[in-house]
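Read through the structure below, which is laid out as C-alpha cells, and then see the notes.
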Protein chains: 2
Amino acid sequence: MTRQLAFTAEAGKLKGVLRQTVLTEPARRENSAEHSWHLAVMALALAEHAPPGTDIAAVVAMLVLHDLVEVDAGDLSAYAPDFAQARQQQAERAAADRIFALLPADQAHSLRRLWDDFEERASPEARFARALDRLQPMLENVRAGGGTWTAQAVTADQVLAKVELIEDGSASLGRFARQLIERAVRDGILAPAQSRPADQQPANPADG
Amino acid sequence: MTRQLAFTAEAGKLKGVLRQTVLTEPARRENSAEHSWHLAVMALALAEHAPPGTDIAAVVAMLVLHDLVEVDAGDLSAYAPDFAQARQQQAERAAADRIFALLPADQAHSLRRLWDDFEERASPEARFARALDRLQPMLENVRAGGGTWTAQAVTADQVLAKVELIEDGSASLGRFARQLIERAVRDGILAPAQSRPADQQPANPADG
C-alpha cells in the first residue's frame with residue numbers, strides 16, 4: 001500500500017500543472033488534473049460515438065492516467081514546432097519510466113501499458129481517447145470566445161489538421177469537429193486558413 | 001450528441017467549485033473536478049484493497065460522476081452539523097434530477113443509477129468508492145500539516161467516527177486510516193479526542 005499511496009501522492013501534483021486551455025468559469029488556465037477528469041466525463045457521456053465494441057472502462061482509465069507524465073514534463077501546446085514536440089515526447093517517456101515505477105511491479109506494468117497504448121494509438125480505445133483529448137480544448141476555445149486560438153494566433157488550417165486524429169477515433173465526433181471549426185471561422189473567433197505570404201507567391205501571378 | 005455535449009459543458013463547471021481541502025502544491029483550496037480525478041487515480045492504484053470481485057471500472061465511473069451535483073449544491077464540510085447535512089442532501093438530489101436529465105434518457109438513467117448507488121452505499125463498488133472519498137482528504141490534511149483539521153478545529157474522535165465508512169469499504173484501508181490518525185495526533189497536527197466539558201462530568205467524580 002505504501003507504494004500505491006506514493007503513486008497517488010505523485011499524481012496529485014498534476015493539480016499544479018497548468019495547461020494552455022483557458023476556462024471561462026472561473027476565467028483562468030486549466031490544470032491537467034481538471035482536464036483529465038473532464039475527459040473521463042466525456043468518455044462516459046459520448047461513449048456511443050466510439051466504434052462498436054470499444055471498452056469504455058479502458059478508455060476512462062487511459063484518460064485518467066494519460067497526462068500523469070506532465071508532473072515531470074509539463075504541458076506543451078499542440079501547435080508547438082516539431083522539434084519541441086520530439087523533445088516533449090522524450091521527456092514524457094522518461095517521466096512514465098519514473099512515475100509508474102512508484103507502483104508495485106505488476107501494477108506498474110499494467111497501468112504503463114495503458115499509457116503506452118494511448119501514446120501509440122494502437123487500439124480503438126486509444127484512438128477514441130485521443131479523439132476526446134483533441135476535442136475538449138476545441139470546445140473550451142469556443143466557450144472562451146477564441147481561447148488559445150486567439151492567444152496563439154492559430155488559423156483554421158492548423159486546427160483542421162488536428163481533426164484527422166478525431167476522425168480516426170470517432171467518425172461522428174470528427175464530423176462534429178469540422179462543423180465546429182467552420183462555425184468558429186464564421187463567428188470570427190478563429191482566423192481562416194492563412195494565405196501564403198507575398199514572397200512565396202509564384203513569380204508570375206498567372207501561374208498561381 | 002447535443003445533449004451529451006450539454007452535459008459535458010455543465011460538468012466542466014465543477015472546476016470552479018472549491019472544496020474545504022487545502023492542497024500543498026500549489027497551496028490553495030482544491031476544486032471538485034481535481035478531487036474527483038484524484039479519487040479515480042486512487043481507485044486504479046488501490047484496486048486490490050477492494051473486496052474480491054469488486055468491479056473497479058464501475059468504481060472509477062462512480063467517482064468521476066459523484067460530485068457533479070456540487071455544480072448546483074456546492075461542497076459542504078464533512079463535519080457540518082446534521083441539519084446542514086440534511087439540507088445538503090436535499091439540494092444534491094435536486095441537482096442530480098436537473099444535471100443527469102441533460103443527457104439522452106437511457107444514459108441519464110444509467111449514469112444516475114451510479115450516482116444513487118454511491119449515495120446509498122448499496123453495492124461493494126459504492127462502499128469502496130465512499131471509502132476512497134473519505135480517505136483522500138485525510139491524506140491531503142497530513143500532507144498540508146493539519147489542513148482542514150486545524151482550520152476547522154476538528155478533533156481525533158470526529159475523524160475516527162468517519163473511519164467506519166472507510167472500514168466498511170475496505171478492511172485494509174480502514175486499518176491504514178486508523179494508523180494515520182494515531183500518527184497525526186502523535187505528530188501534533190490533529191487535536192486528541194476532546195474531554196467532556198465540566199458541566200457534562202458526573203456529579204461525583206468517583207462514578208466517572
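To be explicit about the labels: the chains of the C-alpha cells are called A, B, and onward in the order shown, and within each one the residues are counted from 1, while ligands get numbers from 1 in the order they are shown.
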Practice item. Using only C-alpha atoms, select each residue of chain A with any atom at most 8 Å away from an atom of chain B, and give the selection as a PyMOL selection string. Key: chain A and resi 1+4-5+7-8+11-13+15-16+25-26+33-34+36-38+40-42+44-46+57+60-61+64-65+103+107
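The residue set within 10 Å of Ala184 (chain B), counting only C-alpha atoms and dropping same-chain residues fewer than 2 places from it, reads Met138, Asn141, Val142, Gly145, Gly146, Ala156, Arg178, Gln179, Leu180, Ile181, Glu182, Arg186, Asp187, Gly188, Ile189, Leu190, Ala191 and Pro192 of chain B.
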How would the residues just chosen look if you wrote them out with N, CA and C atoms as a compact mmCIF listing (two decimals), in the first residue's frame?
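Output below, filename part-v2.txt:
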```txt
# COMPACT_ATOMS: atom_id res chain seq x y z
N MET B 138 -8.10 13.03 4.17
CA MET B 138 -7.18 12.75 5.29
C MET B 138 -5.74 12.79 4.82
N ASN B 141 -4.73 16.32 4.30
CA ASN B 141 -4.53 17.02 5.57
C ASN B 141 -3.17 16.70 6.17
N VAL B 142 -2.77 15.43 6.10
CA VAL B 142 -1.46 15.05 6.61
C VAL B 142 -0.38 15.78 5.82
N GLY B 145 0.04 19.33 6.74
CA GLY B 145 0.41 19.57 8.14
C GLY B 145 -0.76 20.01 9.00
N GLY B 146 -1.95 19.52 8.69
CA GLY B 146 -3.12 19.85 9.51
C GLY B 146 -4.34 20.14 8.65
N ALA B 156 -9.62 14.29 17.02
CA ALA B 156 -9.40 12.91 16.56
C ALA B 156 -10.66 12.05 16.64
N ARG B 178 -6.81 4.32 10.52
CA ARG B 178 -6.66 4.39 11.98
C ARG B 178 -5.21 4.72 12.36
N GLN B 179 -4.27 4.05 11.68
CA GLN B 179 -2.85 4.32 11.97
C GLN B 179 -2.49 5.76 11.62
N LEU B 180 -3.03 6.22 10.49
CA LEU B 180 -2.76 7.58 10.03
C LEU B 180 -3.25 8.61 11.06
N ILE B 181 -4.41 8.36 11.64
CA ILE B 181 -4.97 9.29 12.63
C ILE B 181 -4.13 9.27 13.92
N GLU B 182 -3.76 8.07 14.36
CA GLU B 182 -2.90 7.95 15.55
C GLU B 182 -1.61 8.74 15.36
N ARG B 186 -0.06 12.02 17.33
CA ARG B 186 1.28 11.98 17.89
C ARG B 186 2.14 13.12 17.33
N ASP B 187 1.95 13.43 16.02
CA ASP B 187 2.74 14.48 15.38
C ASP B 187 2.21 15.88 15.68
N GLY B 188 1.09 15.96 16.39
CA GLY B 188 0.56 17.26 16.80
C GLY B 188 -0.15 18.02 15.68
N ILE B 189 -0.57 17.33 14.60
CA ILE B 189 -1.30 18.04 13.54
C ILE B 189 -2.80 17.74 13.62
N LEU B 190 -3.20 16.92 14.60
CA LEU B 190 -4.62 16.65 14.85
C LEU B 190 -4.80 16.62 16.36
N ALA B 191 -5.80 17.43 16.85
CA ALA B 191 -6.02 17.50 18.30
C ALA B 191 -6.59 16.18 18.81
N PRO B 192 -6.14 15.71 20.00
CA PRO B 192 -6.66 14.44 20.53
C PRO B 192 -8.15 14.56 20.85
```
Among the residues of region 20-186 of chain A, find those DSSP assigns to alpha helix (DSSP H) from the backbone and print them as a compact mmCIF listing (two decimals) with N, CA and C atoms, in the first residue's frame.
```txt
# COMPACT_ATOMS: atom_id res chain seq x y z
N SER A 32 -3.96 20.18 -15.46
CA SER A 32 -4.03 18.87 -16.13
C SER A 32 -4.90 17.87 -15.37
N ALA A 33 -5.05 18.05 -14.06
CA ALA A 33 -5.92 17.17 -13.29
C ALA A 33 -7.38 17.38 -13.72
N GLU A 34 -7.78 18.66 -13.82
CA GLU A 34 -9.14 19.01 -14.25
C GLU A 34 -9.41 18.51 -15.66
N HIS A 35 -8.43 18.75 -16.53
CA HIS A 35 -8.53 18.33 -17.93
C HIS A 35 -8.76 16.82 -18.01
N SER A 36 -7.97 16.05 -17.26
CA SER A 36 -8.08 14.59 -17.28
C SER A 36 -9.45 14.14 -16.80
N TRP A 37 -9.94 14.78 -15.74
CA TRP A 37 -11.26 14.44 -15.22
C TRP A 37 -12.35 14.76 -16.26
N HIS A 38 -12.24 15.92 -16.90
CA HIS A 38 -13.26 16.32 -17.87
C HIS A 38 -13.30 15.32 -19.04
N LEU A 39 -12.14 14.82 -19.43
CA LEU A 39 -12.10 13.82 -20.50
C LEU A 39 -12.78 12.52 -20.07
N ALA A 40 -12.60 12.15 -18.80
CA ALA A 40 -13.26 10.94 -18.30
C ALA A 40 -14.78 11.10 -18.34
N VAL A 41 -15.26 12.30 -17.99
CA VAL A 41 -16.70 12.58 -18.09
C VAL A 41 -17.15 12.46 -19.55
N MET A 42 -16.37 13.03 -20.45
CA MET A 42 -16.72 12.97 -21.88
C MET A 42 -16.79 11.53 -22.38
N ALA A 43 -15.85 10.69 -21.93
CA ALA A 43 -15.86 9.29 -22.37
C ALA A 43 -17.17 8.62 -21.95
N LEU A 44 -17.64 8.93 -20.74
CA LEU A 44 -18.90 8.33 -20.27
C LEU A 44 -20.09 8.91 -21.03
N ALA A 45 -20.07 10.21 -21.28
CA ALA A 45 -21.22 10.87 -21.91
C ALA A 45 -21.28 10.58 -23.42
N ILE A 56 -15.14 0.97 -22.94
CA ILE A 56 -15.17 2.34 -22.41
C ILE A 56 -14.46 2.44 -21.05
N ALA A 57 -14.51 1.36 -20.27
CA ALA A 57 -13.80 1.37 -18.97
C ALA A 57 -12.30 1.57 -19.19
N ALA A 58 -11.77 0.92 -20.25
CA ALA A 58 -10.35 1.09 -20.56
C ALA A 58 -10.07 2.51 -21.03
N VAL A 59 -11.01 3.07 -21.80
CA VAL A 59 -10.86 4.47 -22.27
C VAL A 59 -10.79 5.41 -21.07
N VAL A 60 -11.70 5.21 -20.11
CA VAL A 60 -11.74 6.09 -18.93
C VAL A 60 -10.44 5.97 -18.14
N ALA A 61 -9.98 4.74 -17.91
CA ALA A 61 -8.73 4.54 -17.15
C ALA A 61 -7.55 5.21 -17.87
N MET A 62 -7.51 5.05 -19.18
CA MET A 62 -6.47 5.64 -20.01
C MET A 62 -6.47 7.17 -19.86
N LEU A 63 -7.66 7.77 -19.90
CA LEU A 63 -7.77 9.22 -19.82
C LEU A 63 -7.41 9.74 -18.44
N VAL A 64 -7.76 8.97 -17.41
CA VAL A 64 -7.41 9.36 -16.05
C VAL A 64 -5.89 9.41 -15.89
N LEU A 65 -5.19 8.50 -16.58
CA LEU A 65 -3.73 8.36 -16.41
C LEU A 65 -2.90 9.11 -17.46
N GLU A 70 3.01 14.66 -17.17
CA GLU A 70 3.19 16.12 -17.13
C GLU A 70 3.64 16.61 -15.76
N VAL A 71 3.56 15.75 -14.74
CA VAL A 71 4.12 16.09 -13.44
C VAL A 71 5.60 16.45 -13.62
N ASP A 72 6.29 15.70 -14.47
CA ASP A 72 7.70 16.00 -14.77
C ASP A 72 7.86 16.84 -16.03
N ALA A 73 7.09 16.53 -17.08
CA ALA A 73 7.37 17.08 -18.40
C ALA A 73 6.60 18.37 -18.71
N ASP A 82 7.79 21.03 -34.49
CA ASP A 82 8.13 19.59 -34.44
C ASP A 82 9.27 19.27 -33.49
N PHE A 83 10.34 20.10 -33.51
CA PHE A 83 11.49 19.77 -32.65
C PHE A 83 11.10 19.81 -31.18
N ALA A 84 10.19 20.74 -30.83
CA ALA A 84 9.73 20.84 -29.45
C ALA A 84 8.86 19.64 -29.09
N GLN A 85 8.06 19.20 -30.05
CA GLN A 85 7.20 18.01 -29.82
C GLN A 85 8.06 16.77 -29.59
N ALA A 86 9.14 16.64 -30.35
CA ALA A 86 10.03 15.48 -30.21
C ALA A 86 10.69 15.47 -28.84
N ARG A 87 11.15 16.65 -28.41
CA ARG A 87 11.79 16.78 -27.09
C ARG A 87 10.79 16.43 -25.99
N GLN A 88 9.54 16.92 -26.18
CA GLN A 88 8.49 16.66 -25.20
C GLN A 88 8.22 15.16 -25.08
N GLN A 89 8.18 14.48 -26.22
CA GLN A 89 7.89 13.05 -26.23
C GLN A 89 8.95 12.28 -25.43
N GLN A 90 10.18 12.71 -25.59
CA GLN A 90 11.29 12.08 -24.88
C GLN A 90 11.15 12.32 -23.36
N ALA A 91 10.82 13.55 -23.01
CA ALA A 91 10.66 13.90 -21.59
C ALA A 91 9.49 13.11 -20.98
N GLU A 92 8.43 12.92 -21.76
CA GLU A 92 7.26 12.20 -21.25
C GLU A 92 7.57 10.72 -21.04
N ARG A 93 8.38 10.17 -21.93
CA ARG A 93 8.75 8.76 -21.80
C ARG A 93 9.59 8.56 -20.52
N ALA A 94 10.51 9.47 -20.28
CA ALA A 94 11.34 9.40 -19.06
C ALA A 94 10.45 9.54 -17.81
N ALA A 95 9.47 10.43 -17.91
CA ALA A 95 8.55 10.64 -16.78
C ALA A 95 7.72 9.39 -16.51
N ALA A 96 7.27 8.74 -17.57
CA ALA A 96 6.50 7.50 -17.42
C ALA A 96 7.35 6.43 -16.74
N ASP A 97 8.61 6.34 -17.15
CA ASP A 97 9.53 5.38 -16.52
C ASP A 97 9.60 5.60 -15.01
N ARG A 98 9.72 6.86 -14.63
CA ARG A 98 9.85 7.17 -13.20
C ARG A 98 8.54 6.98 -12.44
N ILE A 99 7.45 7.55 -12.97
CA ILE A 99 6.22 7.64 -12.18
C ILE A 99 5.52 6.29 -12.04
N PHE A 100 5.41 5.53 -13.12
CA PHE A 100 4.72 4.23 -12.99
C PHE A 100 5.53 3.27 -12.12
N ALA A 105 5.36 -3.75 -8.98
CA ALA A 105 5.75 -4.09 -10.35
C ALA A 105 4.58 -4.51 -11.26
N ASP A 106 3.67 -5.37 -10.76
CA ASP A 106 2.59 -5.86 -11.62
C ASP A 106 1.67 -4.71 -12.05
N GLN A 107 1.37 -3.82 -11.09
CA GLN A 107 0.51 -2.67 -11.42
C GLN A 107 1.24 -1.68 -12.31
N ALA A 108 2.50 -1.46 -12.01
CA ALA A 108 3.32 -0.55 -12.82
C ALA A 108 3.23 -0.99 -14.28
N HIS A 109 3.33 -2.27 -14.48
CA HIS A 109 3.30 -2.83 -15.83
C HIS A 109 1.93 -2.61 -16.50
N SER A 110 0.86 -2.93 -15.80
CA SER A 110 -0.47 -2.87 -16.45
C SER A 110 -0.91 -1.43 -16.69
N LEU A 111 -0.60 -0.51 -15.76
CA LEU A 111 -1.01 0.88 -15.97
C LEU A 111 -0.10 1.55 -17.01
N ARG A 112 1.16 1.19 -17.00
CA ARG A 112 2.07 1.72 -18.02
C ARG A 112 1.63 1.28 -19.42
N ARG A 113 1.13 0.05 -19.51
CA ARG A 113 0.67 -0.45 -20.81
C ARG A 113 -0.49 0.39 -21.34
N LEU A 114 -1.37 0.83 -20.44
CA LEU A 114 -2.47 1.72 -20.85
C LEU A 114 -1.90 3.02 -21.40
N TRP A 115 -0.89 3.54 -20.72
CA TRP A 115 -0.28 4.80 -21.15
C TRP A 115 0.40 4.65 -22.51
N ASP A 116 1.16 3.55 -22.69
CA ASP A 116 1.82 3.28 -23.97
C ASP A 116 0.78 3.17 -25.09
N ASP A 117 -0.32 2.47 -24.79
CA ASP A 117 -1.37 2.29 -25.80
C ASP A 117 -1.91 3.66 -26.23
N PHE A 118 -2.16 4.53 -25.25
CA PHE A 118 -2.65 5.88 -25.55
C PHE A 118 -1.68 6.61 -26.48
N GLU A 119 -0.40 6.52 -26.17
CA GLU A 119 0.62 7.20 -26.97
C GLU A 119 0.69 6.66 -28.40
N GLU A 120 0.60 5.33 -28.51
CA GLU A 120 0.82 4.68 -29.81
C GLU A 120 -0.46 4.59 -30.64
N PRO A 124 -8.59 0.64 -30.65
CA PRO A 124 -9.75 1.55 -30.79
C PRO A 124 -9.95 2.38 -29.52
N GLU A 125 -9.64 1.79 -28.34
CA GLU A 125 -9.78 2.51 -27.07
C GLU A 125 -8.86 3.74 -27.07
N ALA A 126 -7.60 3.52 -27.49
CA ALA A 126 -6.63 4.62 -27.50
C ALA A 126 -7.05 5.68 -28.53
N ARG A 127 -7.54 5.23 -29.69
CA ARG A 127 -7.91 6.21 -30.73
C ARG A 127 -9.12 7.05 -30.30
N PHE A 128 -10.06 6.42 -29.60
CA PHE A 128 -11.21 7.17 -29.10
C PHE A 128 -10.76 8.15 -28.00
N ALA A 129 -9.90 7.66 -27.11
CA ALA A 129 -9.38 8.52 -26.03
C ALA A 129 -8.65 9.73 -26.61
N ARG A 130 -7.83 9.50 -27.64
CA ARG A 130 -7.09 10.60 -28.26
C ARG A 130 -8.03 11.59 -28.96
N ALA A 131 -9.11 11.07 -29.53
CA ALA A 131 -10.10 11.95 -30.18
C ALA A 131 -10.69 12.91 -29.14
N LEU A 132 -11.03 12.38 -27.97
CA LEU A 132 -11.61 13.23 -26.92
C LEU A 132 -10.58 14.24 -26.43
N ASP A 133 -9.34 13.83 -26.32
CA ASP A 133 -8.26 14.70 -25.87
C ASP A 133 -8.06 15.88 -26.83
N ARG A 134 -8.34 15.66 -28.11
CA ARG A 134 -8.24 16.74 -29.11
C ARG A 134 -9.49 17.62 -29.12
N LEU A 135 -10.63 16.99 -28.88
CA LEU A 135 -11.90 17.73 -28.97
C LEU A 135 -12.11 18.67 -27.79
N GLN A 136 -11.70 18.23 -26.60
CA GLN A 136 -12.00 19.01 -25.39
C GLN A 136 -11.46 20.44 -25.45
N PRO A 137 -10.19 20.67 -25.85
CA PRO A 137 -9.71 22.06 -25.93
C PRO A 137 -10.48 22.89 -26.97
N MET A 138 -10.95 22.24 -28.06
CA MET A 138 -11.73 22.98 -29.06
C MET A 138 -13.04 23.49 -28.44
N LEU A 139 -13.68 22.61 -27.67
CA LEU A 139 -14.93 23.01 -27.01
C LEU A 139 -14.69 24.18 -26.05
N GLU A 140 -13.57 24.11 -25.30
CA GLU A 140 -13.27 25.18 -24.34
C GLU A 140 -12.94 26.48 -25.09
N ASN A 141 -12.26 26.37 -26.25
CA ASN A 141 -11.94 27.57 -27.02
C ASN A 141 -13.21 28.25 -27.53
N VAL A 142 -14.17 27.46 -27.99
CA VAL A 142 -15.44 28.03 -28.44
C VAL A 142 -16.11 28.74 -27.27
N ARG A 143 -16.11 28.05 -26.11
CA ARG A 143 -16.76 28.61 -24.92
C ARG A 143 -16.07 29.91 -24.49
N GLY A 147 -10.07 31.71 -27.00
CA GLY A 147 -9.11 31.00 -26.13
C GLY A 147 -7.72 30.92 -26.73
N THR A 148 -7.16 29.70 -26.76
CA THR A 148 -5.79 29.55 -27.27
C THR A 148 -5.70 29.83 -28.77
N TRP A 149 -6.81 29.70 -29.50
CA TRP A 149 -6.77 30.02 -30.94
C TRP A 149 -6.35 31.48 -31.13
N THR A 150 -6.99 32.37 -30.35
CA THR A 150 -6.68 33.78 -30.44
C THR A 150 -5.31 34.06 -29.84
N ALA A 151 -5.08 33.52 -28.64
CA ALA A 151 -3.84 33.82 -27.89
C ALA A 151 -2.60 33.39 -28.67
N ALA A 156 -7.40 28.33 -38.99
CA ALA A 156 -8.31 27.20 -39.18
C ALA A 156 -7.62 25.98 -39.80
N ASP A 157 -6.66 26.21 -40.72
CA ASP A 157 -5.99 25.06 -41.34
C ASP A 157 -5.19 24.25 -40.32
N GLN A 158 -4.61 24.96 -39.33
CA GLN A 158 -3.87 24.25 -38.28
C GLN A 158 -4.81 23.40 -37.42
N VAL A 159 -5.98 23.95 -37.14
CA VAL A 159 -6.94 23.20 -36.32
C VAL A 159 -7.49 22.02 -37.12
N LEU A 160 -7.78 22.26 -38.40
CA LEU A 160 -8.30 21.17 -39.25
C LEU A 160 -7.32 20.01 -39.35
N ALA A 161 -6.02 20.31 -39.32
CA ALA A 161 -5.01 19.25 -39.37
C ALA A 161 -5.12 18.31 -38.17
N LYS A 162 -5.62 18.84 -37.05
CA LYS A 162 -5.78 18.03 -35.84
C LYS A 162 -7.04 17.18 -35.89
N VAL A 163 -7.96 17.56 -36.79
CA VAL A 163 -9.25 16.86 -36.84
C VAL A 163 -9.08 15.43 -37.34
N GLU A 164 -8.02 15.18 -38.10
CA GLU A 164 -7.80 13.81 -38.57
C GLU A 164 -7.71 12.82 -37.41
N LEU A 165 -7.08 13.28 -36.31
CA LEU A 165 -6.93 12.43 -35.14
C LEU A 165 -8.31 12.15 -34.50
N ILE A 166 -9.18 13.13 -34.60
CA ILE A 166 -10.53 12.94 -34.04
C ILE A 166 -11.30 11.96 -34.92
N GLU A 167 -11.24 12.17 -36.24
CA GLU A 167 -11.93 11.28 -37.17
C GLU A 167 -11.46 9.84 -37.03
N ASP A 168 -10.18 9.69 -36.74
CA ASP A 168 -9.58 8.37 -36.60
C ASP A 168 -10.15 7.61 -35.40
N GLY A 169 -10.60 8.37 -34.39
CA GLY A 169 -11.15 7.74 -33.18
C GLY A 169 -12.65 7.60 -33.21
N ALA A 171 -15.93 8.65 -36.11
CA ALA A 171 -16.42 9.31 -37.32
C ALA A 171 -17.38 10.45 -36.97
N SER A 172 -18.30 10.21 -36.04
CA SER A 172 -19.30 11.24 -35.76
C SER A 172 -18.68 12.43 -35.01
N LEU A 173 -17.73 12.16 -34.11
CA LEU A 173 -17.06 13.28 -33.44
C LEU A 173 -16.20 14.07 -34.44
N GLY A 174 -15.64 13.38 -35.42
CA GLY A 174 -14.86 14.05 -36.45
C GLY A 174 -15.73 15.02 -37.26
N ARG A 175 -16.92 14.53 -37.68
CA ARG A 175 -17.86 15.41 -38.41
C ARG A 175 -18.23 16.61 -37.57
N PHE A 176 -18.51 16.33 -36.29
CA PHE A 176 -18.88 17.42 -35.38
C PHE A 176 -17.76 18.46 -35.30
N ALA A 177 -16.52 17.99 -35.18
CA ALA A 177 -15.38 18.91 -35.04
C ALA A 177 -15.23 19.79 -36.28
N ARG A 178 -15.44 19.21 -37.47
CA ARG A 178 -15.36 20.01 -38.71
C ARG A 178 -16.40 21.13 -38.72
N GLN A 179 -17.61 20.78 -38.30
CA GLN A 179 -18.68 21.79 -38.25
C GLN A 179 -18.34 22.88 -37.23
N LEU A 180 -17.80 22.45 -36.10
CA LEU A 180 -17.45 23.39 -35.03
C LEU A 180 -16.41 24.40 -35.53
N ILE A 181 -15.43 23.92 -36.31
CA ILE A 181 -14.38 24.80 -36.82
C ILE A 181 -14.96 25.77 -37.85
N GLU A 182 -15.81 25.26 -38.76
CA GLU A 182 -16.46 26.14 -39.75
C GLU A 182 -17.24 27.26 -39.06
N ARG A 183 -17.98 26.87 -38.01
CA ARG A 183 -18.78 27.85 -37.30
C ARG A 183 -17.88 28.87 -36.60
N ALA A 184 -16.76 28.39 -36.02
CA ALA A 184 -15.84 29.28 -35.31
C ALA A 184 -15.26 30.33 -36.27
N VAL A 185 -14.95 29.91 -37.51
CA VAL A 185 -14.43 30.85 -38.50
C VAL A 185 -15.53 31.86 -38.85
N ARG A 186 -16.74 31.36 -39.09
CA ARG A 186 -17.87 32.24 -39.42
C ARG A 186 -18.13 33.25 -38.30
```
Exercise for review: Any chance you could list, as a PyMOL selection string, the residues in region 21-202 of chain B that come up strand (DSSP E) when DSSP is run on the backbone?
Suggested key: chain B and resi 21-24+27-31
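One distance worth recording is that between CA of Leu18 (chain A) and CA of Ala80 (chain A), which is 16.0 Å.
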Exercise for review: Find the residue from A:Thr21, A:Ser123, A:Ala78, A:Ala153 that sits nearest to Thr54 (chain A); use only C-alpha atoms when measuring.
Suggested key: A:Ser123
**Study point:** Straight-line distance linking CA of Arg28 (chain B) with CA of Ala144 (chain B), stated in Å to one decimal
**Key:** 10.4 Å
Exercise for review: Could you please determine the separation between CA of Arg29 (chain A) and CA of Gln152 (chain A) in Å, to one decimal place?
Suggested key: 14.0 Å
